[in-house]
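Participant: Input: one structure, supplied below.
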Amino acid sequence: MASLTPARALLMLTTGLTCLLMAGGALIGALLGGGLVALGAAVCAGLVGMVGALIVRRRTMAHFAMAQRQAGQRGYAEGIAHGVLIHVTAYEAAVFPRTGPFGVTAEEREARRTIAYRMAALDEVPQRVRLAAADALALLDKTDREGAEEALTRLATTVRQEYTRP
């Protein structure tokens with residue numbers, strides 16, 4: 001059995017409605033004038049249903065395509081923003097290693113810093129997230145532990161709020 005995609009569901013719905021229109025036309029025609037009138041009324045109702053279904057289908061499929069593009073764009077931007085959060089926290093782990101002062105080499109710390117700055121500078125990152133990341137990165141560069149923790153909390157909150165809005 002084929003999966004039930006929006007296009008398939010719409011096709012099944014419009015086909016069912018067209019069949020109901022034909023049956024209704026046949027019943028009304030049979031009540032009004034017999035078999036020949038019932039056949040004519042069913043054909044006319046079916047044609048009207050098919051034309052209406054084609055018009056509705058075209059508009060609905062355009063709406064589905066637009067909604068799918070918008071969802072993809074939102075998902076991509078959300079993924080980028082979460083990537084910024086991950087890379088900034090990875091840089092924080094390099095600045096303030098939990099394993100002691102010798103837990104991360106200078107090269108690794110510089111690499112994490114570079115990646116965090118590059119991710120925060122991407123065009124796809126929303127402005128609010130970019131500003132919160134810039135604040136956090138500036139405090140991490142100054143090795144201000146308390147300020148950096150607060151800035152990272154603000155960054156995480158900003159990322160969450162950016163995508164929980166309708």
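Identifiers for the structure tokens are assigned positionally: chains receive A, B, ... in sequence, residues are indexed from 1 per chain, and ligands are indexed from 1 in the order shown.
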When you look at range 138-150 of chain A with a cut-off of 12 Å (counting only C-alpha atoms), what residues show up, excluding the ones that are within fewer than 3 positions of it in the same chain? I need them as an MDAnalysis selection string.

Facilitator: chainID A and resid 88:97 109:110 112:114 116:117 120 131:135 153:157

Participant: Let me make sure I understand: among A:Cys19, A:Leu32, A:Ala77, A:Ala71, which one has the smallest atom-to-atom distance to Gly49 in chain A if we use only C-alpha atoms?

Facilitator: A:Cys19

Participant: So how far away is CA of Gly46 in chain A from CA of Ala30 in chain A, in Å?

Facilitator: 15.4 Å

Participant: When you look at Leu47 in chain A with a cut-off of 12 Å (counting only C-alpha atoms), what residues show up, excluding the ones that are within fewer than 3 positions of it in the same chain? I need them as a list in words.

Facilitator: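 In the requested format, the answer is Thr15, Leu17, Thr18, Cys19, Leu21, Met22, Gly25, Gly40, Ala41, Ala42, Val43, Cys44, Met50, Val51, Gly52, Ala53 and Leu54 of chain A.
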
Participant: Next, the residues of the selection above should be written as a compact mmCIF listing (two decimals), in the first residue's frame with C-alpha atoms.

Facilitator:
```
# COMPACT_ATOMS: atom_id res chain seq x y z
CA THR A 15 -12.32 11.61 -5.77
CA LEU A 17 -16.45 13.97 -3.09
CA THR A 18 -16.85 13.71 -6.87
CA CYS A 19 -18.34 10.24 -6.50
CA LEU A 21 -21.77 14.37 -6.19
CA MET A 22 -22.42 11.86 -8.98
CA GLY A 25 -27.05 13.81 -9.00
CA GLY A 40 -27.65 12.98 -17.28
CA ALA A 41 -27.75 14.51 -13.78
CA ALA A 42 -25.03 12.11 -12.57
CA VAL A 43 -22.75 12.97 -15.51
CA CYS A 44 -23.30 16.73 -15.04
CA MET A 50 -14.10 17.06 -11.38
CA VAL A 51 -13.63 20.68 -12.42
CA GLY A 52 -13.97 21.83 -8.81
CA ALA A 53 -11.54 19.12 -7.67
CA LEU A 54 -8.94 20.19 -10.23
```

Participant: Kindly give the distance, in Å, that separates CA of Gln161 in chain A and CA of Val129 in chain A, rounded to a single decimal.

Facilitator: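 Between CA of Gln161 in chain A and CA of Val129 in chain A the gap is 9.8 Å.
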
Participant: Restricting the calculation to only C-alpha atoms, which member of A:Tyr76, A:Phe64, A:Tyr163, A:Ala45 is positioned closest to Ala7 in chain A?

Facilitator: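 The closest residue to Ala7 in chain A is A:Phe64.
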
Participant: Just list as a count of residues only whatever in range 57-105 of chain A DSSP marks as alpha helix (DSSP H).

Facilitator: 39

Participant: Determine the nearest neighbour of Leu11 in chain A from the options A:Arg160, A:Arg118, A:His63, A:Arg58, counting only C-alpha atoms.

Facilitator: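 The closest residue to Leu11 in chain A is A:Arg58.
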
Participant: What does the structure give for the distance between CA of Met61 in chain A and CA of Thr14 in chain A, in Å to one decimal?

Facilitator: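 Distance reported for this atom pair: 12.8 Å.
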